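Asks: Take this structure, written in structure tokens, and hold onto it; I'll ask about it next.
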Amino acid sequence: TLDIASLTMTVYKSPTCGCCSGWVEYMREEGFTVNSVDTDDVHSIKTQLGLNAPELKSCHTAVINGYVIEGHVPANDVKRLLSETPEILGLTAPGMPMMSPGMASRIPKDYDVLAFDKVGGTGLW
């Protein structure tokens with residue numbers, strides 16, 4: 001079984017974004033070890049990681065075990081990703097969904113999480 005606490009998630013976020021800080025705290029409460037990095041240029045980090053499609057972007061970007069986690073992706077989806085290890089670049093919750101962890105709800109409601117690959121292909125996760 002996967003020991004998520006043994007993996008370090010690095011989250012790149014704006015120093016002034018409260019919802020990003022809320023998501024970091026939520027992930028810690030869900031058992032993740034999180035290294036939070038404040039930066040004024042999250043965009044260039046997204047590009048370096050291969051996240052280029054504007055429609056997939058959100059406010060913060062995380063990396064764990066070689067995967068990119070973009071935005072307010074629920075902890076259970078990240079845990080599933082790490083246990084199944086599919087051939088994808090990562091997961092995204094595009095934009096800033098209102099009923100997402102870090103925003104208004106610990107229980108995700110009314111938004112989709114997408115898987116995406118290096119060439120811009122996406123699919124429902």
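A note on labels: chains of the structure tokens are A, B, ... as shown, every chain counts residues from 1, and ligands are counted from 1 in their shown order.
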Enumerate the residues of stretch 55-113 of chain A with a DSSP assignment of strand (DSSP E or B), computed from the backbone, and present them as a count of residues only.
Replies: 13
Asks: Do a neighbour search on stretch 89-100 of chain A at 7 Å with only C-alpha atoms, toss out local chain neighbours closer than 4 positions, and write the hits as a ChimeraX atom specification.
Replies: /A:55-58,67-73,104-118
Asks: Could the residues in this selection be saved with N, CA, C and O atoms as an mmCIF file, in the first residue's frame?
Replies:
data_model
loop_
_atom_site.group_PDB
_atom_site.id
_atom_site.type_symbol
_atom_site.label_atom_id
_atom_site.label_comp_id
_atom_site.auth_asym_id
_atom_site.auth_seq_id
_atom_site.Cartn_x
_atom_site.Cartn_y
_atom_site.Cartn_z
ATOM 1 N N GLU A 55 -6.665 26.381 -20.970
ATOM 2 C CA GLU A 55 -7.933 25.888 -20.426
ATOM 3 C C GLU A 55 -7.736 24.862 -19.312
ATOM 4 O O GLU A 55 -8.684 24.509 -18.612
ATOM 5 N N LEU A 56 -6.501 24.395 -19.107
ATOM 6 C CA LEU A 56 -6.232 23.431 -18.041
ATOM 7 C C LEU A 56 -5.680 24.086 -16.781
ATOM 8 O O LEU A 56 -5.562 23.450 -15.748
ATOM 9 N N LYS A 57 -5.341 25.364 -16.872
ATOM 10 C CA LYS A 57 -4.640 26.020 -15.770
ATOM 11 C C LYS A 57 -5.557 26.471 -14.643
ATOM 12 O O LYS A 57 -6.735 26.729 -14.829
ATOM 13 N N SER A 58 -4.950 26.550 -13.457
ATOM 14 C CA SER A 58 -5.629 27.044 -12.266
ATOM 15 C C SER A 58 -4.666 27.978 -11.549
ATOM 16 O O SER A 58 -3.679 28.428 -12.131
ATOM 17 N N TYR A 67 4.322 13.619 -11.011
ATOM 18 C CA TYR A 67 3.047 14.075 -11.573
ATOM 19 C C TYR A 67 2.795 15.545 -11.251
ATOM 20 O O TYR A 67 3.182 16.028 -10.191
ATOM 21 N N VAL A 68 2.110 16.225 -12.176
ATOM 22 C CA VAL A 68 1.691 17.606 -11.980
ATOM 23 C C VAL A 68 0.242 17.590 -11.474
ATOM 24 O O VAL A 68 -0.610 16.907 -12.049
ATOM 25 N N ILE A 69 -0.017 18.317 -10.395
ATOM 26 C CA ILE A 69 -1.365 18.455 -9.854
ATOM 27 C C ILE A 69 -1.716 19.931 -9.951
ATOM 28 O O ILE A 69 -1.116 20.761 -9.265
ATOM 29 N N GLU A 70 -2.670 20.255 -10.809
ATOM 30 C CA GLU A 70 -2.995 21.648 -11.091
ATOM 31 C C GLU A 70 -4.299 22.049 -10.428
ATOM 32 O O GLU A 70 -5.352 21.476 -10.708
ATOM 33 N N GLY A 71 -4.221 23.023 -9.523
ATOM 34 C CA GLY A 71 -5.426 23.569 -8.928
ATOM 35 C C GLY A 71 -6.021 22.718 -7.819
ATOM 36 O O GLY A 71 -5.333 21.932 -7.171
ATOM 37 N N HIS A 72 -7.323 22.871 -7.623
ATOM 38 C CA HIS A 72 -8.022 22.327 -6.462
ATOM 39 C C HIS A 72 -8.456 20.870 -6.659
ATOM 40 O O HIS A 72 -9.634 20.539 -6.544
ATOM 41 N N VAL A 73 -7.494 20.010 -6.961
ATOM 42 C CA VAL A 73 -7.763 18.579 -7.142
ATOM 43 C C VAL A 73 -7.962 17.946 -5.759
ATOM 44 O O VAL A 73 -7.148 18.148 -4.865
ATOM 45 N N ALA A 104 -14.718 26.712 -1.051
ATOM 46 C CA ALA A 104 -15.850 26.793 -0.130
ATOM 47 C C ALA A 104 -16.249 25.447 0.478
ATOM 48 O O ALA A 104 -17.136 25.401 1.304
ATOM 49 N N SER A 105 -15.614 24.358 0.041
ATOM 50 C CA SER A 105 -16.088 23.055 0.483
ATOM 51 C C SER A 105 -14.953 22.038 0.588
ATOM 52 O O SER A 105 -14.183 21.873 -0.350
ATOM 53 N N ARG A 106 -14.847 21.350 1.729
ATOM 54 C CA ARG A 106 -13.873 20.252 1.846
ATOM 55 C C ARG A 106 -14.315 19.062 0.997
ATOM 56 O O ARG A 106 -13.502 18.281 0.560
ATOM 57 N N ILE A 107 -15.625 18.947 0.791
ATOM 58 C CA ILE A 107 -16.167 17.871 -0.036
ATOM 59 C C ILE A 107 -16.372 18.446 -1.437
ATOM 60 O O ILE A 107 -17.182 19.357 -1.621
ATOM 61 N N PRO A 108 -15.626 17.932 -2.431
ATOM 62 C CA PRO A 108 -15.740 18.489 -3.787
ATOM 63 C C PRO A 108 -17.143 18.308 -4.356
ATOM 64 O O PRO A 108 -17.727 17.245 -4.221
ATOM 65 N N LYS A 109 -17.657 19.369 -4.974
ATOM 66 C CA LYS A 109 -18.992 19.317 -5.561
ATOM 67 C C LYS A 109 -19.019 20.056 -6.892
ATOM 68 O O LYS A 109 -18.445 21.134 -7.017
ATOM 69 N N ASP A 110 -19.705 19.469 -7.848
ATOM 70 C CA ASP A 110 -20.076 20.152 -9.094
ATOM 71 C C ASP A 110 -18.902 20.618 -9.963
ATOM 72 O O ASP A 110 -18.972 21.678 -10.570
ATOM 73 N N TYR A 111 -17.831 19.831 -10.016
ATOM 74 C CA TYR A 111 -16.792 20.142 -10.992
ATOM 75 C C TYR A 111 -16.052 18.865 -11.346
ATOM 76 O O TYR A 111 -16.089 17.887 -10.610
ATOM 77 N N ASP A 112 -15.398 18.890 -12.499
ATOM 78 C CA ASP A 112 -14.687 17.719 -12.984
ATOM 79 C C ASP A 112 -13.192 17.857 -12.758
ATOM 80 O O ASP A 112 -12.637 18.955 -12.823
ATOM 81 N N VAL A 113 -12.560 16.724 -12.505
ATOM 82 C CA VAL A 113 -11.109 16.655 -12.492
ATOM 83 C C VAL A 113 -10.718 15.961 -13.790
ATOM 84 O O VAL A 113 -11.301 14.948 -14.176
ATOM 85 N N LEU A 114 -9.742 16.544 -14.485
ATOM 86 C CA LEU A 114 -9.287 15.998 -15.754
ATOM 87 C C LEU A 114 -7.879 15.445 -15.632
ATOM 88 O O LEU A 114 -7.039 16.013 -14.918
ATOM 89 N N ALA A 115 -7.617 14.359 -16.345
ATOM 90 C CA ALA A 115 -6.263 13.861 -16.526
ATOM 91 C C ALA A 115 -5.740 14.502 -17.808
ATOM 92 O O ALA A 115 -6.496 14.738 -18.746
ATOM 93 N N PHE A 116 -4.431 14.813 -17.850
ATOM 94 C CA PHE A 116 -3.868 15.379 -19.075
ATOM 95 C C PHE A 116 -2.499 14.765 -19.331
ATOM 96 O O PHE A 116 -1.823 14.315 -18.425
ATOM 97 N N ASP A 117 -2.120 14.756 -20.627
ATOM 98 C CA ASP A 117 -0.828 14.172 -20.990
ATOM 99 C C ASP A 117 0.094 15.241 -21.588
ATOM 100 O O ASP A 117 -0.278 16.408 -21.679
ATOM 101 N N LYS A 118 1.279 14.812 -21.982
ATOM 102 C CA LYS A 118 2.306 15.754 -22.444
ATOM 103 C C LYS A 118 1.954 16.450 -23.746
ATOM 104 O O LYS A 118 2.488 17.492 -24.051
#
Asks: Distance atom CA of A:Asn65-atom CA of A:Thr16, one decimal place?
Replies: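 Going from atom CA of A:Asn65 over to atom CA of A:Thr16, I get 26.4 Å.
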Asks: Just give me the gap between atom CA of A:Met27 and atom CA of A:Leu81 in Å, one decimal is fine.
Replies: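 Distance between the two atoms: 14.5 Å.
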Asks: Quick check, in Å to one decimal: how far apart do atom CA of A:Lys13 and atom CA of A:Val34 lie?
Replies: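 Atom-to-atom, atom CA of A:Lys13 and atom CA of A:Val34 are spaced 12.3 Å apart.
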Asks: As a VMD selection string, list the residues of stretch 43-113 of chain A assigned to helix (DSSP H, G or I) by DSSP on the backbone atoms of this structure.
Replies: chain A and resid 43 to 48 54 to 56 75 to 84
Asks: Could you name the residues that touch A:Gly18 at 12 Å or less, counting only C-alpha atoms, but leaving out those on the same chain fewer than 3 positions away, as a VMD selection string?
Replies: chain A and resid 13 to 15 21 to 25 38 59 to 60 101 to 104
Asks: As a list of chain:residue names, please: the residues near A:Leu7 (cut-off 10 Å, only C-alpha atoms, same-chain neighbours under 4 positions excluded).
Replies: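 Close residues of A:Leu7: A:Leu2, A:Asp3, A:Phe32, A:Thr33, A:Val34, A:Ile64, A:Asn65, A:Leu82.
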Asks: Please produce an output containing N, CA and C atoms for each residue in the selection, written as a PDB file, in the first residue's frame.
Replies:
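Contents of the output file selection-v6.pdb:
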ATOM      1  N   LEU A   2       0.358   2.298  -0.562  1.00  0.00           N
ATOM      2  CA  LEU A   2       1.112   3.538  -0.737  1.00  0.00           C
ATOM      3  C   LEU A   2       1.152   4.350   0.544  1.00  0.00           C
ATOM      4  N   ASP A   3       2.347   4.780   0.927  1.00  0.00           N
ATOM      5  CA  ASP A   3       2.505   5.663   2.089  1.00  0.00           C
ATOM      6  C   ASP A   3       2.680   7.083   1.574  1.00  0.00           C
ATOM      7  N   PHE A  32      -0.817  14.310   3.406  1.00  0.00           N
ATOM      8  CA  PHE A  32       0.295  14.596   2.500  1.00  0.00           C
ATOM      9  C   PHE A  32       1.371  15.429   3.197  1.00  0.00           C
ATOM     10  N   THR A  33       2.617  15.189   2.841  1.00  0.00           N
ATOM     11  CA  THR A  33       3.727  16.038   3.255  1.00  0.00           C
ATOM     12  C   THR A  33       3.867  17.097   2.170  1.00  0.00           C
ATOM     13  N   VAL A  34       3.668  18.365   2.547  1.00  0.00           N
ATOM     14  CA  VAL A  34       3.613  19.440   1.552  1.00  0.00           C
ATOM     15  C   VAL A  34       4.692  20.480   1.810  1.00  0.00           C
ATOM     16  N   ILE A  64       4.175  15.938  -7.419  1.00  0.00           N
ATOM     17  CA  ILE A  64       4.388  14.833  -6.485  1.00  0.00           C
ATOM     18  C   ILE A  64       4.678  13.562  -7.275  1.00  0.00           C
ATOM     19  N   ASN A  65       5.770  12.931  -6.949  1.00  0.00           N
ATOM     20  CA  ASN A  65       6.141  11.654  -7.556  1.00  0.00           C
ATOM     21  C   ASN A  65       6.155  11.718  -9.081  1.00  0.00           C
ATOM     22  N   LEU A  82      -1.589   8.247  -7.510  1.00  0.00           N
ATOM     23  CA  LEU A  82      -0.326   7.712  -7.006  1.00  0.00           C
ATOM     24  C   LEU A  82      -0.361   6.194  -6.850  1.00  0.00           C
TER      25      LEU A  82
END
Asks: Just checking: using only C-alpha atoms, which residue out of A:Tyr12, A:Val119, A:Cys17, A:Glu30 ends up closest to A:His43?
Replies: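 Ranking A:Tyr12, A:Val119, A:Cys17, A:Glu30 by distance to A:His43, first place goes to A:Tyr12.
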Asks: Between A:Thr10, A:Thr1, A:Asn76, A:Gln48, which has the minimum distance to A:Gly31 (counting only C-alpha atoms)?
Replies: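 Using only C-alpha atoms, the shortest distance to A:Gly31 belongs to A:Asn76.
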